[in-house]
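**Q** One structure, pasted below without further comment.
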Amino acid sequence: MSQLFFGYFAGMIVITSILVVALKNPVYSALSLLVMFFHVAGLFITLHAEFLAAVQIIVYAGAILVLYLFVVMILNVTQDDRYHSQWRIAGVVCIPLFIESLLLLSGGAGAVNTGSRSLQSGPDGAIATDNTLAIGKTLYSTYLFPFEVASLVLLVAMIGAIVLAKKDIGQRET
Amino acid sequence: MIPISYYLILSAIVFFTGVVGVLIRRNIIAILLSVELMLNATNINFVAFSDYLQDLGGQVFVFFALTVAAAEVAVGLAIIIALHRSRSTINVEEFNLLKW
């Protein structure tokens, strides 16, 4: 069972990552990258990283890829046939979501059958009730300083993006 | 139980796909998408080793990789918009200001 899940997710990840490089239209590349993100999230579920799977979908598929699509649409580098056959894309997106929800509803069946221990204890040996709690305890105790540095990275990126993308930031001062 | 070498092979395939994409694509947005592919390959590696070694540090590092990916995307897309505004193209062949 776990081999089946791994085979499906790995095969789809490889196929969609090749499609990202092979497709000419950037919109299609971004959409196949979206499919790949969902399958990577499914792979994370089979590896006992449920919280990271949720973060992968929310941050990567929800924020980063939408940013990509916004820029592609703003720059208008696509062909004219980009609005055709949206139902196929929606179906391709929905299939991994359906499989992931089945995995979650069955208590991670593909993961339980592997026989490995569930990764739910923190670094101090404290038994946490779920993966999210264990990650939170680790993140806010052992990795507290890198966490703060990450916030600084995000602040610098935010200011840099505003400064770079603003049109007349120099002319207004003169 | 799936051996960890399978995850490493998958990660290597995805990473090299990203490398090839960076090398052969001429659309700068496709190049950034290929960089995302490489970051995801490292994330798969991190999570696979985190499960294999029973250490949560790998999953925490995926968070930091996510943070850096978000920052990279924001700055990279801002650079693309600025480039498109000044040169009105996103083909990397056209950008030769720094070429010697």
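Note on naming: chains are A, B, ... as they come in the structure tokens, residues start from 1 per chain, ligands start from 1 in the order shown.
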With a distance cut-off of 9 Å and only C-alpha atoms, select the neighbouring residues of Ala30 of chain A, excluding the residue or stretch itself and same-chain residues fewer than 2 positions from it, and output the selection as JSON, numbers by chain.

**A** {"A": [20, 25, 26, 27, 28, 32, 33, 34, 35, 65, 68, 69], "B": [30, 33]}

**Q** Which residues of chain B are close to chain A, meaning at most 8 Å apart when you count only C-alpha atoms, and how do they look as an MDAnalysis selection string?

**A** chainID B and resid 1:2 10 13:14 17:18 20:21 25 27 29:30 33:34 37 40 44 47:48 51 54:57 59:60 62:64 66:68 70:75 77:79 81:82 84

**Q** Just the selected residues (N, CA and C atoms), exported as a CSV table (one decimal), in the first residue's frame, please.

**A**
chain,number,residue,atom,x,y,z
B,1,MET,N,7.9,-0.7,4.0
B,1,MET,CA,8.8,0.4,4.3
B,1,MET,C,9.6,0.8,3.1
B,2,ILE,N,9.5,2.0,2.7
B,2,ILE,CA,10.2,2.4,1.5
B,2,ILE,C,11.6,2.9,1.9
B,10,LEU,N,14.4,10.2,-6.1
B,10,LEU,CA,13.3,11.1,-6.6
B,10,LEU,C,13.8,12.6,-6.5
B,13,ILE,N,16.3,13.5,-9.1
B,13,ILE,CA,15.6,13.6,-10.5
B,13,ILE,C,15.0,15.0,-10.6
B,14,VAL,N,14.2,15.4,-9.5
B,14,VAL,CA,13.6,16.7,-9.5
B,14,VAL,C,14.6,17.8,-9.5
B,17,THR,N,16.1,18.1,-12.9
B,17,THR,CA,15.1,18.7,-13.8
B,17,THR,C,15.1,20.2,-13.7
B,18,GLY,N,15.2,20.7,-12.4
B,18,GLY,CA,15.3,22.1,-12.2
B,18,GLY,C,16.5,22.7,-12.7
B,20,VAL,N,18.3,21.6,-15.3
B,20,VAL,CA,18.2,21.7,-16.7
B,20,VAL,C,17.2,22.8,-17.2
B,21,GLY,N,16.2,23.0,-16.4
B,21,GLY,CA,15.3,24.1,-16.7
B,21,GLY,C,15.9,25.5,-16.6
B,25,ARG,N,16.0,27.1,-20.4
B,25,ARG,CA,14.8,28.0,-20.7
B,25,ARG,C,15.3,29.4,-20.9
B,27,ASN,N,12.8,32.0,-21.0
B,27,ASN,CA,11.8,32.8,-20.3
B,27,ASN,C,12.2,32.9,-18.9
B,29,ILE,N,10.6,33.8,-16.2
B,29,ILE,CA,9.7,33.3,-15.3
B,29,ILE,C,9.8,31.8,-15.2
B,30,ALA,N,10.1,31.1,-16.3
B,30,ALA,CA,10.3,29.7,-16.3
B,30,ALA,C,11.6,29.3,-15.5
B,33,LEU,N,10.6,29.4,-12.0
B,33,LEU,CA,9.9,28.2,-11.6
B,33,LEU,C,10.8,27.0,-11.5
B,34,SER,N,11.9,26.9,-12.3
B,34,SER,CA,12.8,25.8,-12.1
B,34,SER,C,13.6,25.9,-10.8
B,37,LEU,N,11.5,24.3,-8.4
B,37,LEU,CA,11.7,22.9,-8.4
B,37,LEU,C,12.8,22.4,-7.6
B,40,ASN,N,12.1,22.5,-3.9
B,40,ASN,CA,11.2,21.4,-3.5
B,40,ASN,C,12.0,20.1,-3.4
B,44,ILE,N,12.0,17.7,-0.1
B,44,ILE,CA,11.7,16.3,-0.1
B,44,ILE,C,12.9,15.5,0.6
B,47,VAL,N,12.6,16.2,4.5
B,47,VAL,CA,11.5,15.5,5.2
B,47,VAL,C,11.8,14.0,5.2
B,48,ALA,N,12.4,13.5,4.1
B,48,ALA,CA,12.7,12.0,4.1
B,48,ALA,C,13.7,11.7,5.2
B,51,ASP,N,12.2,11.8,8.6
B,51,ASP,CA,11.4,10.6,9.0
B,51,ASP,C,12.4,9.4,9.2
B,54,GLN,N,14.3,10.1,12.6
B,54,GLN,CA,13.5,10.5,13.7
B,54,GLN,C,13.9,11.8,14.4
B,55,ASP,N,14.2,12.8,13.6
B,55,ASP,CA,14.6,14.1,14.1
B,55,ASP,C,13.8,15.2,13.5
B,56,LEU,N,13.2,16.0,14.3
B,56,LEU,CA,12.3,17.0,13.8
B,56,LEU,C,13.1,18.2,13.2
B,57,GLY,N,14.4,18.2,13.3
B,57,GLY,CA,15.2,19.4,12.8
B,57,GLY,C,15.0,19.5,11.3
B,59,GLN,N,12.3,18.9,9.5
B,59,GLN,CA,11.1,19.5,9.2
B,59,GLN,C,11.1,21.0,9.5
B,60,VAL,N,11.9,21.4,10.5
B,60,VAL,CA,12.0,22.8,10.8
B,60,VAL,C,12.8,23.5,9.7
B,62,VAL,N,12.8,22.7,6.7
B,62,VAL,CA,11.9,23.0,5.5
B,62,VAL,C,11.1,24.3,5.7
B,63,PHE,N,10.8,24.7,7.0
B,63,PHE,CA,10.2,26.0,7.2
B,63,PHE,C,11.1,27.1,6.7
B,64,PHE,N,12.4,27.0,7.1
B,64,PHE,CA,13.3,28.0,6.7
B,64,PHE,C,13.5,28.1,5.2
B,66,LEU,N,11.2,27.3,3.1
B,66,LEU,CA,10.0,28.0,2.7
B,66,LEU,C,10.1,29.5,2.8
B,67,THR,N,10.6,29.9,3.9
B,67,THR,CA,10.8,31.4,4.1
B,67,THR,C,11.7,32.0,3.1
B,68,VAL,N,12.8,31.3,2.8
B,68,VAL,CA,13.7,31.8,1.8
B,68,VAL,C,13.1,31.8,0.4
B,70,ALA,N,9.9,32.1,-0.3
B,70,ALA,CA,9.0,33.2,-0.4
B,70,ALA,C,9.7,34.5,-0.6
B,71,ALA,N,10.8,34.7,0.1
B,71,ALA,CA,11.6,36.0,-0.1
B,71,ALA,C,12.2,36.0,-1.5
B,72,GLU,N,12.7,34.9,-2.0
B,72,GLU,CA,13.3,34.8,-3.3
B,72,GLU,C,12.2,35.1,-4.4
B,73,VAL,N,11.0,34.6,-4.2
B,73,VAL,CA,10.0,34.8,-5.2
B,73,VAL,C,9.6,36.3,-5.2
B,74,ALA,N,9.4,36.9,-4.0
B,74,ALA,CA,9.0,38.3,-4.0
B,74,ALA,C,10.1,39.2,-4.7
B,75,VAL,N,11.3,39.0,-4.3
B,75,VAL,CA,12.4,39.9,-4.8
B,75,VAL,C,12.6,39.6,-6.3
B,77,LEU,N,10.4,38.3,-8.6
B,77,LEU,CA,9.4,38.9,-9.4
B,77,LEU,C,9.4,40.4,-9.5
B,78,ALA,N,9.8,41.0,-8.4
B,78,ALA,CA,10.0,42.5,-8.5
B,78,ALA,C,11.0,42.9,-9.5
B,79,ILE,N,12.1,42.1,-9.5
B,79,ILE,CA,13.2,42.3,-10.5
B,79,ILE,C,12.7,42.1,-11.9
B,81,ILE,N,9.6,42.5,-12.9
B,81,ILE,CA,8.7,43.6,-13.3
B,81,ILE,C,9.5,44.8,-13.6
B,82,ALA,N,10.6,45.1,-12.9
B,82,ALA,CA,11.4,46.2,-13.2
B,82,ALA,C,12.1,46.1,-14.5
B,84,HIS,N,11.0,44.2,-17.0
B,84,HIS,CA,10.1,44.3,-18.1
B,84,HIS,C,9.7,45.7,-18.4

**Q** Write out as number ranges by chain the set of residues from chain B that DSSP, computed on the backbone, places in alpha helix (DSSP H).

**A** B: 4-24, 28-53, 57-87

**Q** How many Å lie between atom CA of Ser11 of chain B and atom CA of Ile45 of chain A, rounded to one decimal?

**A** 16.2 Å

**Q** Given only C-alpha atoms as the basis, pick out the residue of A:Leu133, A:Met73, A:Leu144, A:Leu31 nearest to Val93 of chain A.

**A** A:Leu31

**Q** So, with only C-alpha atoms as the atoms that count, which of B:Leu97, B:Ala69, B:Leu23, B:Ile28 lies closest to Thr42 of chain B?

**A**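 Smallest distance to Thr42 of chain B is found for B:Ala69.
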
**Q** Measure the distance from atom CA of Asn43 of chain B to atom CA of Ile24 of chain B in Å and round it to one decimal.

**A**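 Atom-to-atom, atom CA of Asn43 of chain B and atom CA of Ile24 of chain B are spaced 23.4 Å apart.
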